[in-house]
Amino acid sequence: MSPTTQMVQDAPDRDVPASELGASVVGRGNKDGNRLFREWYEELTSAPERNEHSAYVFVMGSLAEILRSFDIHTIFPEINGLQTAVRHVADDYIAQAEDYGFSADVCGYVKADIGMQLRAGDHPMGKIPPPSLAVYTNACNTYVKWAEIWERMYHVPIFTLDIPGTRAAGRLTWSGNVDFENDRRYVAGQIGELIELCEQVTGKRFDIDKLRETMRYTNTMSEKWKRLIELNQSVPAVYNAVTDGTVFLGMVNGFRGRPEGAAYFTDLVKEMEYKAANHIGTPFEEKYRLVFVGVPCYPIFRRFSEMFTEWGGSFAGSSYLWFASGGANLGFQYDLDRPLESLAEGLLVTVRDAMDSMFYSNQNLVDMIEPYGIDGVVYHPIKSCRTVSTGLADNRRAVMEATDVATLFMESDHMDKRVVSEAQLKNRIDAFFEGLATRKVRRSSASKNESEA
Amino acid sequence: MPRVLDPYEAMSLAEAIAMCRDLVEDPDFPTVARWRDSGGKVVGHFQVYFPEEIVHAAGLLPFKVRGAPLEARQGESHFGSYLCSILKTSLEIALTNRLALDMFVSHPICDSARNLAAVWGRNFDYPCEILYLPQNANSAHAATYLRGEYARLSREVEAIAGHPITADELRASLGVFNENRRLLRELYEIKRETPWLLAVDEAYSLVAVGGMVPREEHNQLLRWALPRIRERSAIPQDRMRLVFAGGFCEQPPLDLLRTIAQFSYVVDDDLLIGLRWITEDIPVGGDPLADLAEAYLERSSYSPVQHDLRKPKEQMLLAQIKGANAGAAIITAAKMCEPGLDEVVAYTKALDDEGIPYFVSEFEERMTNFDSLQIQLETFIENLLFA
């Protein structure tokens, strides 16, 4: 029995209400997440020995449900990339890609992956197998360019699952609308084409019951992911949406459509409910509640977080948890009685939401401020990613027009240390918190004066 | 329909081309202002390809938004640092009221362009949207989807126009644009067959002006100019025949093209490829939206921002070089243009494999100093000529 299988079975408290859990559950989410994550990489490393297929996929629309139903492993180059950065070896991989010809201005994730491919898959977490195919949506255009690179390198099939996004802010369409139905039919048609491709690659017949099974696990994960995000309305925040959130994101993507993923998030929500019920926060005293917009600074990940926590800044929310989960924040539930139709609808709705969380997130951020008790919004556009970063300066202007919440705008990168100036970041962050402190004093004086009057 | 170009019929060809060049470099877009002054409405569409026929059929002016050679003083404040210039200057011309629109449309050509629609929408009250051209050109369902997406766009445009677009109006527009593309193909044939008659910057000016005037007027201009170009008495010189790649979205400054033209004949390029995207006449007898959609997918050129397994970009470039009988290529990318920069790697590897010489450079629409580029290019070409 593998450790992951064991975890699915061993869950003595899975049916116990949060109020009856003991303090021993605190911290298990990160502990289990890290362990499962290592095991997942071991599983990927050894896949070729078992003649198992792997697909290169991305976090926004991984198509894990289809791929898992064919027993195809899902490998996430974005996650591989960030792992090289947090383990402080990204520079070497990026340099190798630049020597190969890629510009300094190309996405660092792409270059870390190219460097890794040029090293035959050598990675700090294991050995990443070459792809049998690549499957990606258009949620990020770089996905498409990236896959073209693999096509040239490996001559494997690459499949774009094109998911039309929201045409204009707030103009969402739903089932029954003529434009939604046009989009849905397009997505459904492509799912059929992907299934045919998977049959060709694996030599296996499509099994709709197996698809249903993976979708059932995703349903649990999506439901729990939505709940997880809501739970951070608690004061203090029960997890750090940037640091802990990155662990959770690794799990929600890597284990999508798997029983281990469903079990993990069921347990995690229990832990967070227990923490909320007992007012247990992160290990730092929470003075300011923040929301993070963008992608974290992985080359100095721990220090980046400390620059906020040292001031008592706690990330209660993060747009990263919306888009990098592929829209799992909606908690979309597939209808297992009509799996293919529902998969098309679910993909359309969730990936569209992930795109909206990058392009049109200003209203969502404004809507978070009251329920989450947000004191400040931290924008962190990065050089590498135009998808996430292009609109953030304008987004900030819109949020500042709509509310009087404090905002911080600071640029660096999620991969490339050459673009990360720790001293400059610290200066900006310190000044931001000084401003927050002044605001707090002013507000406190104002309310005191009001009560005296 | 109001005339928006100054009378050029009595001008020399050089004067008419100079007029076009001035219009292309003018950030106040006087032809658009004239159109508006006569009561016309304008739909701005960002690079690369847009089905202008739909807007034309509604009686509106489709305007190709392609940035401008100016400082983006206001535009800069809406964006971060690591972005291409065309985003900032495109917004700048709108924020500074140089360009008044009734609708703005962007496309999923890249992540910056999609974000641009959102940024635009937060700053203007008129409709701003993304036209989701299909990115899975290989799906059997793409053409049907695109027909539906064009129908959606038509409804949006009808709302701006205040009246419906009939199928006959659309067919008539297909005819106008078919003629326009035929004339542009003829212009490019002159570049390929007799490049000494038309320098790359001159050809560019004649093409680019089409994105800012009614297409019938552009057709008239081209019908007037083409015979005059053929009648030119320029003598062929011993210059390297080059293909220029990298001008599909942000446009290099005209002075950069002029610098290249000093040393070489640019016999083919991807400059403003969106205006030439459809490579054959679109049938005009059937369902016009379906025919327009089918042409986008099946009768079209290539660019780094369209993924189509049938059109590997580097193979398309090699075919272009061969088709134009070129001896080398200039491979460029706009600064901070991710798709363009990615493609540079694929292009140069393929050219290396084929033993075709190439010159690699980055550009920005607002660059003003070409001395260094001139020396490097001159050296590159001399090395080839005297090798």
# chains A, B, ... in the order shown; residues from 1 in each chain; ligands from 1
>>> closest_atom_pairs(of="chain A", to="chain B", cutoff="7 Å", atoms="only C-alpha atoms", output="Markdown table")
| residue | atom | partner | partner_atom | distance |
| --- | --- | --- | --- | --- |
| A:Gly101 | CA | B:Val345 | CA | 5.7 |
| A:Phe102 | CA | B:Val345 | CA | 6.3 |
| A:Ser103 | CA | B:Leu341 | CA | 6.5 |
| A:Asp105 | CA | B:Met336 | CA | 5.9 |
| A:Val106 | CA | B:Glu338 | CA | 5.7 |
| A:Cys140 | CA | B:Asp111 | CA | 6.5 |
| A:Asn141 | CA | B:Cys110 | CA | 5.5 |
| A:Lys145 | CA | B:Pro339 | CA | 6.8 |
| A:Thr160 | CA | B:Asn136 | CA | 5.6 |
| A:Leu161 | CA | B:Asn136 | CA | 6.7 |
| A:Asp162 | CA | B:Asn136 | CA | 5.6 |
| A:Pro164 | CA | B:Tyr132 | CA | 5.9 |
| A:Arg167 | CA | B:Ile130 | CA | 4.8 |
| A:Ala168 | CA | B:Glu129 | CA | 4.8 |
| A:Ala169 | CA | B:Ala118 | CA | 6.7 |
| A:Asp179 | CA | B:Arg152 | CA | 6.9 |
| A:Asn182 | CA | B:Tyr145 | CA | 6.1 |
| A:Asp183 | CA | B:Tyr145 | CA | 6.9 |
| A:Tyr186 | CA | B:Tyr145 | CA | 5.8 |
| A:Gly189 | CA | B:His141 | CA | 6.2 |
| A:Gln190 | CA | B:Ser139 | CA | 6.5 |
| A:Phe359 | CA | B:Asn115 | CA | 5.5 |
| A:Tyr360 | CA | B:Ala118 | CA | 6.3 |
| A:Lys383 | CA | B:Tyr82 | CA | 5.5 |
| A:Arg386 | CA | B:Ser112 | CA | 5.7 |
| A:Thr387 | CA | B:Asp111 | CA | 4.6 |
| A:Thr390 | CA | B:Ser112 | CA | 5.8 |
| A:Gly391 | CA | B:Asn115 | CA | 5.6 |
| A:Ala393 | CA | B:Phe79 | CA | 5.1 |
| A:Asp394 | CA | B:His78 | CA | 4.6 |
>>> select_by_dssp(residues="range 276-447 of chain A", states="helix (DSSP H, G or I)", output="MDAnalysis selection string")
chainID A and resid 276:277 298:309 320:323 328:330 339:359 362:369 386:389 392:402 417:419 422:447
>>> atom_distance(atom1="CA of Arg185 in chain A", atom2="CA of Gly346 in chain A")
12.4 Å
>>> atom_distance(atom1="CA of His53 in chain A", atom2="CA of Ile72 in chain A")
5.0 Å
>>> atom_distance(atom1="CA of Leu318 in chain B", atom2="CA of Tyr143 in chain A")
24.5 Å
>>> residues_around(residues="Gly203 in chain A", least_positions_apart="3", cutoff="12 Å", atoms="only C-alpha atoms", output="ChimeraX atom specification")
/A:52-53,70-72,195-200,206
>>> select_by_dssp(residues="range 384-437 of chain A", states="strand (DSSP E or B)", output="JSON, numbers by chain")
{"A": [406, 407, 408, 409, 412]}
